[in-house]
$ cat upload00.cif   # mmCIF, N, CA and C atoms and all ligand atoms; chains and numbers go by the auth columns
data_entry
#
loop_
_atom_site.group_PDB
_atom_site.id
_atom_site.type_symbol
_atom_site.label_atom_id
_atom_site.label_comp_id
_atom_site.label_asym_id
_atom_site.label_seq_id
_atom_site.Cartn_x
_atom_site.Cartn_y
_atom_site.Cartn_z
_atom_site.B_iso_or_equiv
_atom_site.auth_seq_id
_atom_site.auth_asym_id
ATOM 1 N N MET A 1 94.152 126.967 96.139 0.00 827 A
ATOM 2 C CA MET A 1 95.513 126.444 96.031 0.00 827 A
ATOM 3 C C MET A 1 95.896 126.293 94.563 0.00 827 A
ATOM 4 N N THR A 2 97.017 126.793 94.237 0.00 828 A
ATOM 5 C CA THR A 2 97.512 126.601 92.880 0.00 828 A
ATOM 6 C C THR A 2 98.896 126.008 92.937 0.00 828 A
ATOM 7 N N PHE A 3 99.123 125.056 92.090 0.00 829 A
ATOM 8 C CA PHE A 3 100.441 124.448 92.019 0.00 829 A
ATOM 9 C C PHE A 3 101.261 125.195 90.972 0.00 829 A
ATOM 10 N N SER A 4 102.450 125.545 91.355 0.00 830 A
ATOM 11 C CA SER A 4 103.250 126.384 90.475 0.00 830 A
ATOM 12 C C SER A 4 103.755 125.606 89.266 0.00 830 A
ATOM 13 N N SER A 5 103.980 124.328 89.456 0.00 831 A
ATOM 14 C CA SER A 5 104.564 123.560 88.372 0.00 831 A
ATOM 15 C C SER A 5 103.500 122.749 87.648 0.00 831 A
ATOM 16 N N ALA A 6 103.744 122.536 86.404 0.00 832 A
ATOM 17 C CA ALA A 6 102.858 121.665 85.649 0.00 832 A
ATOM 18 C C ALA A 6 103.172 120.217 85.991 0.00 832 A
ATOM 19 N N GLY A 7 102.359 119.321 85.506 0.00 833 A
ATOM 20 C CA GLY A 7 102.623 117.919 85.760 0.00 833 A
ATOM 21 C C GLY A 7 102.059 117.427 87.064 0.00 833 A
ATOM 22 N N TRP A 8 101.002 118.045 87.531 0.00 834 A
ATOM 23 C CA TRP A 8 100.381 117.616 88.788 0.00 834 A
ATOM 24 C C TRP A 8 99.084 116.866 88.516 0.00 834 A
ATOM 25 N N ALA A 9 99.110 116.080 87.483 0.00 835 A
ATOM 26 C CA ALA A 9 97.894 115.378 87.107 0.00 835 A
ATOM 27 C C ALA A 9 97.442 114.398 88.181 0.00 835 A
ATOM 28 N N ASP A 10 98.394 113.954 89.006 0.00 836 A
ATOM 29 C CA ASP A 10 98.050 112.973 90.034 0.00 836 A
ATOM 30 C C ASP A 10 97.621 113.621 91.339 0.00 836 A
ATOM 31 N N ALA A 11 97.500 114.917 91.366 0.00 837 A
ATOM 32 C CA ALA A 11 97.084 115.601 92.587 0.00 837 A
ATOM 33 C C ALA A 11 95.628 116.036 92.439 0.00 837 A
ATOM 34 N N PRO A 12 94.733 115.218 92.913 0.00 838 A
ATOM 35 C CA PRO A 12 93.316 115.558 92.756 0.00 838 A
ATOM 36 C C PRO A 12 92.899 116.651 93.722 0.00 838 A
ATOM 37 N N CYS A 13 91.818 117.329 93.398 0.00 839 A
ATOM 38 C CA CYS A 13 91.311 118.369 94.287 0.00 839 A
ATOM 39 C C CYS A 13 90.717 117.737 95.542 0.00 839 A
ATOM 40 N N SER A 14 90.078 116.626 95.360 0.00 840 A
ATOM 41 C CA SER A 14 89.471 115.950 96.507 0.00 840 A
ATOM 42 C C SER A 14 90.171 114.617 96.734 0.00 840 A
ATOM 43 N N LEU A 15 90.728 114.467 97.895 0.00 841 A
ATOM 44 C CA LEU A 15 91.434 113.235 98.213 0.00 841 A
ATOM 45 C C LEU A 15 90.461 112.218 98.785 0.00 841 A
ATOM 46 N N ARG A 16 90.741 110.978 98.508 0.00 842 A
ATOM 47 C CA ARG A 16 89.895 109.918 99.040 0.00 842 A
ATOM 48 C C ARG A 16 90.504 109.399 100.341 0.00 842 A
ATOM 49 N N PHE A 17 89.651 109.071 101.276 0.00 843 A
ATOM 50 C CA PHE A 17 90.128 108.641 102.590 0.00 843 A
ATOM 51 C C PHE A 17 89.610 107.254 102.950 0.00 843 A
ATOM 52 N N ASP A 18 89.362 106.454 101.953 0.00 844 A
ATOM 53 C CA ASP A 18 88.757 105.159 102.231 0.00 844 A
ATOM 54 C C ASP A 18 89.676 104.002 101.851 0.00 844 A
ATOM 55 N N TRP A 19 90.976 104.241 101.862 0.00 845 A
ATOM 56 C CA TRP A 19 91.871 103.151 101.517 0.00 845 A
ATOM 57 C C TRP A 19 91.909 102.141 102.653 0.00 845 A
ATOM 58 N N PRO A 20 92.095 100.889 102.341 0.00 846 A
ATOM 59 C CA PRO A 20 91.988 99.820 103.349 0.00 846 A
ATOM 60 C C PRO A 20 93.217 99.718 104.245 0.00 846 A
ATOM 61 N N MET A 21 94.298 100.288 103.839 0.00 847 A
ATOM 62 C CA MET A 21 95.517 100.150 104.631 0.00 847 A
ATOM 63 C C MET A 21 95.474 101.088 105.833 0.00 847 A
ATOM 64 N N THR A 22 96.511 101.022 106.617 0.00 848 A
ATOM 65 C CA THR A 22 96.608 101.944 107.731 0.00 848 A
ATOM 66 C C THR A 22 96.722 103.362 107.202 0.00 848 A
ATOM 67 N N SER A 23 96.245 104.284 107.966 0.00 849 A
ATOM 68 C CA SER A 23 96.241 105.663 107.514 0.00 849 A
ATOM 69 C C SER A 23 97.668 106.154 107.299 0.00 849 A
ATOM 70 N N MET A 24 97.811 106.957 106.293 0.00 850 A
ATOM 71 C CA MET A 24 99.121 107.513 105.994 0.00 850 A
ATOM 72 C C MET A 24 99.124 108.982 106.374 0.00 850 A
ATOM 73 N N ARG A 25 100.099 109.312 107.159 0.00 851 A
ATOM 74 C CA ARG A 25 100.157 110.692 107.611 0.00 851 A
ATOM 75 C C ARG A 25 101.425 111.370 107.110 0.00 851 A
ATOM 76 N N CYS A 26 101.285 112.641 106.875 0.00 852 A
ATOM 77 C CA CYS A 26 102.436 113.449 106.516 0.00 852 A
ATOM 78 C C CYS A 26 103.339 113.567 107.736 0.00 852 A
ATOM 79 N N ASP A 27 104.627 113.374 107.549 0.00 853 A
ATOM 80 C CA ASP A 27 105.550 113.449 108.676 0.00 853 A
ATOM 81 C C ASP A 27 105.798 114.881 109.128 0.00 853 A
ATOM 82 N N TYR A 28 105.294 115.832 108.391 0.00 854 A
ATOM 83 C CA TYR A 28 105.546 117.229 108.736 0.00 854 A
ATOM 84 C C TYR A 28 104.328 117.887 109.376 0.00 854 A
ATOM 85 N N CYS A 29 103.160 117.725 108.759 0.00 855 A
ATOM 86 C CA CYS A 29 101.965 118.363 109.312 0.00 855 A
ATOM 87 C C CYS A 29 101.060 117.359 110.023 0.00 855 A
ATOM 88 N N GLY A 30 101.301 116.052 109.815 0.00 856 A
ATOM 89 C CA GLY A 30 100.548 115.044 110.535 0.00 856 A
ATOM 90 C C GLY A 30 99.175 114.760 109.964 0.00 856 A
ATOM 91 N N GLN A 31 98.857 115.333 108.843 0.00 857 A
ATOM 92 C CA GLN A 31 97.536 115.115 108.270 0.00 857 A
ATOM 93 C C GLN A 31 97.549 113.899 107.359 0.00 857 A
ATOM 94 N N ASP A 32 96.408 113.228 107.349 0.00 858 A
ATOM 95 C CA ASP A 32 96.262 112.086 106.451 0.00 858 A
ATOM 96 C C ASP A 32 96.238 112.553 105.011 0.00 858 A
ATOM 97 N N GLY A 33 96.673 111.665 104.149 0.00 859 A
ATOM 98 C CA GLY A 33 96.643 111.982 102.732 0.00 859 A
ATOM 99 C C GLY A 33 96.824 110.717 101.920 0.00 859 A
ATOM 100 N N SER A 34 96.422 110.766 100.690 0.00 860 A
ATOM 101 C CA SER A 34 96.512 109.584 99.841 0.00 860 A
ATOM 102 C C SER A 34 97.788 109.576 99.016 0.00 860 A
ATOM 103 N N ILE A 35 98.515 110.658 99.064 0.00 861 A
ATOM 104 C CA ILE A 35 99.753 110.711 98.303 0.00 861 A
ATOM 105 C C ILE A 35 100.803 111.480 99.091 0.00 861 A
ATOM 106 N N HIS A 36 101.979 110.918 99.147 0.00 862 A
ATOM 107 C CA HIS A 36 103.070 111.583 99.840 0.00 862 A
ATOM 108 C C HIS A 36 104.339 111.449 99.018 0.00 862 A
ATOM 109 N N TYR A 37 105.220 112.388 99.244 0.00 863 A
ATOM 110 C CA TYR A 37 106.505 112.339 98.565 0.00 863 A
ATOM 111 C C TYR A 37 107.584 111.970 99.560 0.00 863 A
ATOM 112 N N ARG A 38 108.386 111.025 99.186 0.00 864 A
ATOM 113 C CA ARG A 38 109.455 110.556 100.051 0.00 864 A
ATOM 114 C C ARG A 38 110.658 111.462 99.833 0.00 864 A
ATOM 115 N N ILE A 39 110.967 112.211 100.856 0.00 865 A
ATOM 116 C CA ILE A 39 112.012 113.216 100.690 0.00 865 A
ATOM 117 C C ILE A 39 112.963 113.187 101.870 0.00 865 A
ATOM 118 N N ARG A 40 114.082 113.843 101.691 0.00 866 A
ATOM 119 C CA ARG A 40 115.060 113.980 102.756 0.00 866 A
ATOM 120 C C ARG A 40 115.713 115.339 102.602 0.00 866 A
ATOM 121 N N THR A 41 115.937 115.991 103.720 0.00 867 A
ATOM 122 C CA THR A 41 116.563 117.303 103.681 0.00 867 A
ATOM 123 C C THR A 41 117.703 117.336 104.684 0.00 867 A
ATOM 124 N N ALA A 42 118.362 118.467 104.750 0.00 868 A
ATOM 125 C CA ALA A 42 119.477 118.615 105.687 0.00 868 A
ATOM 126 C C ALA A 42 119.001 118.511 107.129 0.00 868 A
ATOM 127 N N ALA A 43 117.713 118.730 107.362 0.00 869 A
ATOM 128 C CA ALA A 43 117.181 118.724 108.720 0.00 869 A
ATOM 129 C C ALA A 43 117.003 117.311 109.262 0.00 869 A
ATOM 130 N N SER A 44 117.074 116.320 108.400 0.00 870 A
ATOM 131 C CA SER A 44 116.817 114.953 108.862 0.00 870 A
ATOM 132 C C SER A 44 117.699 113.982 108.091 0.00 870 A
ATOM 133 N N VAL A 45 118.236 113.005 108.808 0.00 871 A
ATOM 134 C CA VAL A 45 119.051 111.992 108.149 0.00 871 A
ATOM 135 C C VAL A 45 118.173 110.878 107.592 0.00 871 A
ATOM 136 N N ASN A 46 116.947 110.807 108.112 0.00 872 A
ATOM 137 C CA ASN A 46 116.043 109.753 107.686 0.00 872 A
ATOM 138 C C ASN A 46 115.086 110.263 106.609 0.00 872 A
ATOM 139 N N TRP A 47 114.609 109.317 105.810 0.00 873 A
ATOM 140 C CA TRP A 47 113.597 109.664 104.818 0.00 873 A
ATOM 141 C C TRP A 47 112.295 109.992 105.524 0.00 873 A
ATOM 142 N N ARG A 48 111.598 110.954 104.996 0.00 874 A
ATOM 143 C CA ARG A 48 110.301 111.333 105.536 0.00 874 A
ATOM 144 C C ARG A 48 109.292 111.406 104.413 0.00 874 A
ATOM 145 N N PHE A 49 108.038 111.346 104.793 0.00 875 A
ATOM 146 C CA PHE A 49 106.962 111.469 103.816 0.00 875 A
ATOM 147 C C PHE A 49 106.282 112.816 103.994 0.00 875 A
ATOM 148 N N ALA A 50 106.175 113.528 102.908 0.00 876 A
ATOM 149 C CA ALA A 50 105.562 114.850 102.948 0.00 876 A
ATOM 150 C C ALA A 50 104.373 114.900 102.007 0.00 876 A
ATOM 151 N N CYS A 51 103.303 115.525 102.477 0.00 877 A
ATOM 152 C CA CYS A 51 102.149 115.733 101.614 0.00 877 A
ATOM 153 C C CYS A 51 102.514 116.806 100.590 0.00 877 A
ATOM 154 N N PRO A 52 101.726 116.952 99.540 0.00 878 A
ATOM 155 C CA PRO A 52 102.048 117.945 98.514 0.00 878 A
ATOM 156 C C PRO A 52 102.241 119.341 99.071 0.00 878 A
ATOM 157 N N GLU A 53 101.467 119.694 100.088 0.00 879 A
ATOM 158 C CA GLU A 53 101.599 121.023 100.660 0.00 879 A
ATOM 159 C C GLU A 53 102.957 121.192 101.339 0.00 879 A
ATOM 160 N N CYS A 54 103.338 120.208 102.169 0.00 880 A
ATOM 161 C CA CYS A 54 104.606 120.295 102.874 0.00 880 A
ATOM 162 C C CYS A 54 105.771 120.077 101.916 0.00 880 A
ATOM 163 N N TRP A 55 105.525 119.301 100.881 0.00 881 A
ATOM 164 C CA TRP A 55 106.586 119.057 99.920 0.00 881 A
ATOM 165 C C TRP A 55 107.020 120.351 99.257 0.00 881 A
ATOM 166 N N LYS A 56 106.031 121.215 99.004 0.00 882 A
ATOM 167 C CA LYS A 56 106.363 122.484 98.350 0.00 882 A
ATOM 168 C C LYS A 56 107.311 123.299 99.211 0.00 882 A
ATOM 169 N N VAL A 57 107.162 123.169 100.530 0.00 883 A
ATOM 170 C CA VAL A 57 108.035 123.902 101.448 0.00 883 A
ATOM 171 C C VAL A 57 109.378 123.190 101.579 0.00 883 A
ATOM 172 N N GLN A 58 109.304 121.889 101.795 0.00 884 A
ATOM 173 C CA GLN A 58 110.534 121.137 102.065 0.00 884 A
ATOM 174 C C GLN A 58 111.440 121.050 100.839 0.00 884 A
ATOM 175 N N SER A 59 110.836 121.117 99.667 0.00 885 A
ATOM 176 C CA SER A 59 111.654 121.023 98.454 0.00 885 A
ATOM 177 C C SER A 59 112.549 122.240 98.282 0.00 885 A
ATOM 178 N N GLN A 60 112.261 123.276 99.078 0.00 886 A
ATOM 179 C CA GLN A 60 113.101 124.467 99.015 0.00 886 A
ATOM 180 C C GLN A 60 114.260 124.402 100.005 0.00 886 A
ATOM 181 N N GLN A 61 114.254 123.367 100.839 0.00 887 A
ATOM 182 C CA GLN A 61 115.274 123.267 101.877 0.00 887 A
ATOM 183 C C GLN A 61 116.600 122.801 101.276 0.00 887 A
ATOM 184 N N PRO A 62 117.705 123.119 101.971 0.00 888 A
ATOM 185 C CA PRO A 62 119.015 122.677 101.480 0.00 888 A
ATOM 186 C C PRO A 62 119.139 121.161 101.531 0.00 888 A
ATOM 187 N N GLN A 63 119.886 120.636 100.628 0.00 889 A
ATOM 188 C CA GLN A 63 120.143 119.196 100.543 0.00 889 A
ATOM 189 C C GLN A 63 118.866 118.404 100.355 0.00 889 A
ATOM 190 N N TYR A 64 117.906 119.005 99.701 0.00 890 A
ATOM 191 C CA TYR A 64 116.651 118.303 99.427 0.00 890 A
ATOM 192 C C TYR A 64 116.905 117.138 98.476 0.00 890 A
ATOM 193 N N GLN A 65 116.367 115.994 98.831 0.00 891 A
ATOM 194 C CA GLN A 65 116.455 114.820 97.972 0.00 891 A
ATOM 195 C C GLN A 65 115.076 114.219 97.802 0.00 891 A
ATOM 196 N N TYR A 66 114.798 113.789 96.598 0.00 892 A
ATOM 197 C CA TYR A 66 113.518 113.161 96.301 0.00 892 A
ATOM 198 C C TYR A 66 113.708 111.662 96.191 0.00 892 A
ATOM 199 N N GLY A 67 112.898 110.910 96.925 0.00 893 A
ATOM 200 C CA GLY A 67 113.094 109.460 96.953 0.00 893 A
ATOM 201 C C GLY A 67 111.929 108.649 96.462 0.00 893 A
ATOM 202 N N GLY A 68 110.928 109.293 95.907 0.00 894 A
ATOM 203 C CA GLY A 68 109.819 108.518 95.370 0.00 894 A
ATOM 204 C C GLY A 68 108.485 109.081 95.800 0.00 894 A
ATOM 205 N N THR A 69 107.456 108.454 95.289 0.00 895 A
ATOM 206 C CA THR A 69 106.089 108.871 95.604 0.00 895 A
ATOM 207 C C THR A 69 105.326 107.702 96.199 0.00 895 A
ATOM 208 N N ARG A 70 104.591 107.977 97.244 0.00 896 A
ATOM 209 C CA ARG A 70 103.801 106.947 97.906 0.00 896 A
ATOM 210 C C ARG A 70 102.323 107.245 97.694 0.00 896 A
ATOM 211 N N LYS A 71 101.640 106.288 97.138 0.00 897 A
ATOM 212 C CA LYS A 71 100.206 106.466 96.896 0.00 897 A
ATOM 213 C C LYS A 71 99.433 105.392 97.643 0.00 897 A
ATOM 214 N N ALA A 72 98.357 105.786 98.247 0.00 898 A
ATOM 215 C CA ALA A 72 97.553 104.838 99.029 0.00 898 A
ATOM 216 C C ALA A 72 96.403 104.263 98.222 0.00 898 A
ATOM 217 N N ASN A 73 95.812 105.091 97.401 0.00 899 A
ATOM 218 C CA ASN A 73 94.640 104.638 96.666 0.00 899 A
ATOM 219 C C ASN A 73 95.056 103.782 95.475 0.00 899 A
ATOM 220 N N ARG A 74 94.590 102.575 95.500 0.00 900 A
ATOM 221 C CA ARG A 74 94.885 101.689 94.386 0.00 900 A
ATOM 222 C C ARG A 74 93.914 101.965 93.250 0.00 900 A
ATOM 223 N N ARG A 75 94.464 102.047 92.088 0.00 901 A
ATOM 224 C CA ARG A 75 93.605 102.296 90.927 0.00 901 A
ATOM 225 C C ARG A 75 92.776 101.057 90.622 0.00 901 A
ATOM 226 N N GLN A 76 91.508 101.262 90.457 0.00 902 A
ATOM 227 C CA GLN A 76 90.616 100.152 90.148 0.00 902 A
ATOM 228 C C GLN A 76 90.330 100.138 88.660 0.00 902 A
ATOM 229 N N ARG A 77 90.474 98.965 88.099 0.00 903 A
ATOM 230 C CA ARG A 77 90.211 98.852 86.669 0.00 903 A
ATOM 231 C C ARG A 77 88.999 97.977 86.427 0.00 903 A
HETATM 232 ZN ZN ZN B . 102.032 117.827 105.320 0.00 1001 A
#
$ encode --input "upload00.cif" --output "structure tokens" --more "lines below"
Ligand SMILES: [Zn+2]
Amino acid sequence: MTFSSAGWADAPCSLRFDWPMTSMRCDYCGQDGSIHYRIRTAASVNWRFACPECWKVQSQQPQYQYGGTRKANRRQR
């Protein structure tokens, strides 16, 4: 997998699945993930969460809107 755009420093190759909260699933493919993008397209009036893979597809849709990033893994210091 290669990301076309730069600035993907927050997209690790290996995702962690041990966060204490309820599992977060992509609203498009249904897979768990530690990071999702809050987006909205012409296909839906409601905000949805898309994993990076689905985001790449959905960001090409008409009326695409970006509403933020959701991260599950809390950074430990
Ligand atoms: Zn997905």
$ resolve_selection --input "upload00.cif" --expression "the PyMOL selection byres (((not hetatm)) within 8 of (chain A and resi 1001))" --output "tab-separated table (two decimals) with N, CA and C atoms, in the coordinates of the input"
chain	number	residue	atom	x	y	z
A	851	ARG	N	100.10	109.31	107.16
A	851	ARG	CA	100.16	110.69	107.61
A	851	ARG	C	101.42	111.37	107.11
A	852	CYS	N	101.28	112.64	106.88
A	852	CYS	CA	102.44	113.45	106.52
A	852	CYS	C	103.34	113.57	107.74
A	853	ASP	N	104.63	113.37	107.55
A	853	ASP	CA	105.55	113.45	108.68
A	853	ASP	C	105.80	114.88	109.13
A	854	TYR	N	105.29	115.83	108.39
A	854	TYR	CA	105.55	117.23	108.74
A	854	TYR	C	104.33	117.89	109.38
A	855	CYS	N	103.16	117.72	108.76
A	855	CYS	CA	101.96	118.36	109.31
A	855	CYS	C	101.06	117.36	110.02
A	856	GLY	N	101.30	116.05	109.82
A	856	GLY	CA	100.55	115.04	110.54
A	856	GLY	C	99.18	114.76	109.96
A	857	GLN	N	98.86	115.33	108.84
A	857	GLN	CA	97.54	115.12	108.27
A	857	GLN	C	97.55	113.90	107.36
A	858	ASP	N	96.41	113.23	107.35
A	858	ASP	CA	96.26	112.09	106.45
A	858	ASP	C	96.24	112.55	105.01
A	875	PHE	N	108.04	111.35	104.79
A	875	PHE	CA	106.96	111.47	103.82
A	875	PHE	C	106.28	112.82	103.99
A	876	ALA	N	106.18	113.53	102.91
A	876	ALA	CA	105.56	114.85	102.95
A	876	ALA	C	104.37	114.90	102.01
A	877	CYS	N	103.30	115.52	102.48
A	877	CYS	CA	102.15	115.73	101.61
A	877	CYS	C	102.51	116.81	100.59
A	878	PRO	N	101.73	116.95	99.54
A	878	PRO	CA	102.05	117.94	98.51
A	878	PRO	C	102.24	119.34	99.07
A	879	GLU	N	101.47	119.69	100.09
A	879	GLU	CA	101.60	121.02	100.66
A	879	GLU	C	102.96	121.19	101.34
A	880	CYS	N	103.34	120.21	102.17
A	880	CYS	CA	104.61	120.30	102.87
A	880	CYS	C	105.77	120.08	101.92
A	881	TRP	N	105.52	119.30	100.88
A	881	TRP	CA	106.59	119.06	99.92
A	881	TRP	C	107.02	120.35	99.26
$ resolve_selection --input "upload00.cif" --expression "the PyMOL selection byres (((chain A and resi 865) around 6.5) and not hetatm)" --output "PyMOL selection string"
chain A and resi 863-864+866-867+872-876+891-894
$ atom_distance --input "upload00.cif" --atom1 "atom C of Gln889 in chain A" --atom2 "atom N of Ile861 in chain A"
21.8 Å
$ atom_distance --input "upload00.cif" --atom1 "atom C of Ala869 in chain A" --atom2 "atom C of Arg896 in chain A"
21.2 Å
$ atom_distance --input "upload00.cif" --atom1 "atom C of Val883 in chain A" --atom2 "CA of Ala898 in chain A"
22.0 Å
